Amino acid sequence: RNVRTNEKKRYMLNAGLTYDILDWLNVSARIRVDNTDNTYQQKLYASTISTLTEGSTQGHYTIQKVNETQTYADFMVNINKRIDDFTVVVNAGTSLSDNSSDLLGYGGPIRDTGVPNVFNVFDLDNAKKRATQEGWEEMTQSIFASAEIGWKSMLYLTLTGRNDWASQLKGSNPTSFFYPSVGLSAVISEMVTLPKAIDYLKVRGSFSSVGTPYPRFLVQPTYSYDPTKQDWNAKTHYPIGKLKPERTDSWEIGVDGTFFKDFKVSGSFYYANTYNQTFDPKISASFGYSKFYVQTGYVRNMGMEGMLRYGHRWNEFGWNSNFTFSWNKNKIIELVKDFHHPETGKILNIPELEMNGLGYSRFILKEGGTLGDLYSKADLVRNDKGYIEMDANGALAKDANVEPIKLGSVLPKANFAFSNEFTYKGVSAGFLLSCRLGGIVYSATQAALDQYGVSEASAKARDAGGVVINGRTMINAQQWYETIGSSSGLPQYYTYSATNIRLQEAHIGYTIPRRWLKNICDINVSLVGRNLWMIYCKAPFDPESVATTSNYYQGIDYFMMPSTRNIGFNVKFNF
């Protein structure tokens with residue numbers, strides 16, 4: 001009886017117009033609008049644990065209404081012309097992207113004299129009820145151009161350039177950023193005679209530099225409201241100094257080929273360096289500020305992506321199979337290096353930054369580590385030999401002054417996918433297997449269930465007479481799990497491998513031929529299922545589920561919504 005509901009009303013509009021001036025020249029304009037109204041309600045009924053109801057025995061109620069708008073529009077001039085052995089394709093134009101969000105909410109515990117389980121804002125406790133109002137708008141105005149020059153359908157040079165004026169940069173210097181790219185590809189099979197087994201072969205290489213604005217509200221001061229004090233909180237973040245847009249420089253080389261007519265291979269290797277990232281690390285109160293934003297750092301990503309595809313038809317039977325692979329290595333080269341203090345003029349060098357987390361779990365960034373390294377900042381009290389200590393009553397204690405214990409990285413080492421599609425006459429069927437290798441996840445949900453003794457693990461411990469520690473000592477199960485469990489428990493006991501294999505999708509369908517319907521149309525009917533079967537997973541929750549898109553809360557589960565299995569029936573008419 002802890003009900004959470006979302007009611008969403010959404011409408012979308014797409015429109016486009018193209019005018020041909022010449023057979024090789026046209027202009028086009030597009031607009032896309034996507035607006036959403038969402039109402040969220042949380043109803044916690046009477047008898048819900050008081051930790052969640054803020055002490056109320058009558059229940060708890062929250063309602064929030066969010067209006068989100070997304071608008072994109074562009075205007076382009078397009079050239080596609082052939083001049084002797086050369087082809088020229090040019091696109092140039094301007095675009096506007098505008099996104100906004102407005103939230104208005106109200107919530108709190110139901111007062112003791114209120115009607116239990118009747119949820120409205122009038123029965124909320126006046127001392128604890130709170131109103132929430134938040135809003136933001138981001139706009140990016142851009143000019144861009146791209147040109148591809150081809151020679152004899154075998155050599156292609158591609159150039160792009162784009163300049164963005166993002167609203168997040170308003171009031172700073174610079175107020176815009178430019179990012180270019182250049183690519184060169186050669187179709188080897190058109191240049192030279194290759195063995196008969198090679199039907200097509202292309203090699204490619206590219207360089208690109210991409211700019212990203214820093215988070216909103218850093219340049220323009222904003223203030224949060226404290227409903228307890230009924231006043232505005234002062235802005236107390238550390239002076240930022242000069243800000244720069246984040247920049248990622250990437251190099252990529254790749255090859256694409258077709259062999260024996262039915263086999264297609266594609267592979268690429270990339271190397272990317274990211275600079276000027278904006279961090280909000282945790283700082284001590286003695287630092288003098290509530291927040292400390294730094295914009296520095298040098299992070300490297302290096303990886304490979306590959307695809308192998310096979311497709312063939314035997315009369316009316318067809319088979320298409322596709323295998324994909326990706327591998328990425330993330331490494332922090334530098335963090336805060338030679339940072340100029342805007343107040344004192346001193347030069348700061350900080351090789352380690354503590355970011356967000358939950359309870360004693362924290363993402364800690366260190367030079368040589370990754371952006372996904374998760375640590376535990378506490379452990380059980382141990383003696384000089386590493387054994388867990390107990391007091392005279394057999395009680396355990398946590399030590400929050402230990403050196404942070406690395407649990408692992410929440411980032412995967414590699415990802416695989418294997419899909420197959422079979423067709424026979426009008427029948428089609430297929431499936432997709434996906435696999436994630438490596439990485440860890442932390443389940444605070446499991447810790448809380450253990451703490452309250454309602455998990456399978458705690459039941460087994462009770463049945464066994466307790467939990468064995470130090471290899472020989474049996475202690476009470478309740479004592480053990482109340483010490484290591486809960487969201488403020490010890491994450492090292494609730495860290496699991498994120499490796500998983502699943503049947504991601506399966507489908508079967510039939511197409512009713514057009515000739516059966518007097519050539520008016522054909523009709524495809526199909527049954528589709530997604531996330532159907534978790535074949536292998538050691539974690540107590542779906543490792544691919546995320547509670548937030550924040551970089552420094554990935555891989556953490558604390559009573560978030562479970563992943564879902566979806567089964568749908570589709571009918572498609574083709575006229």
# chains A, B, ... in the order shown; residues from 1 in each chain; ligands from 1
>>> residues_around(residues="Arg82 of chain A", least_positions_apart="3", cutoff="12 Å", atoms="only C-alpha atoms", output="list in words")
Asp23, Trp24, Leu25, Ile79, Asp85, Phe86, Thr87, Val88, Val89, Val90, Glu148, Ile149, Gly150, Trp151, Lys152 and Ser153 of chain A
>>> residues_around(residues="Asp34 of chain A", least_positions_apart="2", cutoff="9 Å", atoms="only C-alpha atoms", output="JSON list (two decimals) with C-alpha atoms, in the first residue's frame")
[["chain", "number", "residue", "atom", "x", "y", "z"],
["A", 10, "ARG", "CA", 2.07, 13.76, -24.44],
["A", 11, "TYR", "CA", 1.67, 15.23, -27.89],
["A", 12, "MET", "CA", 4.19, 15.49, -30.71],
["A", 13, "LEU", "CA", 4.26, 17.44, -33.94],
["A", 14, "ASN", "CA", 6.63, 17.08, -36.90],
["A", 32, "ARG", "CA", 9.62, 19.18, -34.21],
["A", 36, "THR", "CA", 4.49, 16.41, -21.98],
["A", 68, "GLU", "CA", 8.11, 19.66, -20.18],
["A", 69, "THR", "CA", 8.54, 21.16, -23.65],
["A", 70, "GLN", "CA", 11.01, 20.33, -26.41],
["A", 71, "THR", "CA", 11.22, 22.30, -29.64],
["A", 72, "TYR", "CA", 13.70, 21.85, -32.47]]
>>> select_by_dssp(residues="segment 346-487 of chain A", states="strand (DSSP E or B)", output="VMD selection string")
chain A and resid 347 to 350 352 to 358 361 to 366 373 to 376 379 to 380 382 388 398 to 399 405 to 409 414 to 424 427 to 437 440 to 443 467 to 469 473 to 475
>>> select_by_dssp(residues="segment 55-265 of chain A", states="alpha helix (DSSP H)", output="MDAnalysis selection string")
chainID A and resid 188:191
>>> residues_around(residues="Ser488 of chain A", least_positions_apart="6", cutoff="8 Å", atoms="only C-alpha atoms", output="list in words")
Leu358, Gly359 and Tyr360 of chain A
>>> write_last_selection(atoms="N, CA and C atoms", output="compact mmCIF listing (two decimals), in the first residue's frame")
# COMPACT_ATOMS: atom_id res chain seq x y z
N LEU A 358 25.83 6.69 -1.95
CA LEU A 358 24.72 6.41 -1.04
C LEU A 358 25.29 5.79 0.22
N GLY A 359 24.94 6.38 1.37
CA GLY A 359 25.46 5.86 2.62
C GLY A 359 26.97 5.91 2.66
N TYR A 360 27.60 4.77 2.93
CA TYR A 360 29.06 4.70 2.97
C TYR A 360 29.67 4.43 1.59
>>> closest_residue(among="A:Gly485, A:Gly471, A:Gly509, A:Gly529", to="Thr564 of chain A", atoms="only C-alpha atoms")
A:Gly529
>>> closest_residue(among="A:Asp384, A:Gln58, A:Gly394, A:Tyr452", to="Thr113 of chain A", atoms="only C-alpha atoms")
A:Gln58
>>> closest_residue(among="A:Thr160, A:Ser526, A:Trp314, A:Trp516", to="Ser146 of chain A", atoms="only C-alpha atoms")
A:Thr160
>>> residues_around(residues="Tyr558 of chain A", least_positions_apart="4", cutoff="9 Å", atoms="only C-alpha atoms", output="PyMOL selection string")
chain A and resi 358+442-446+448+487+547
>>> atom_distance(atom1="atom CA of Val66 of chain A", atom2="atom CA of Val219 of chain A")
25.1 Å
>>> closest_residue(among="A:Arg362, A:His507, A:Arg530, A:Lys229", to="Ser434 of chain A", atoms="only C-alpha atoms")
A:Arg530
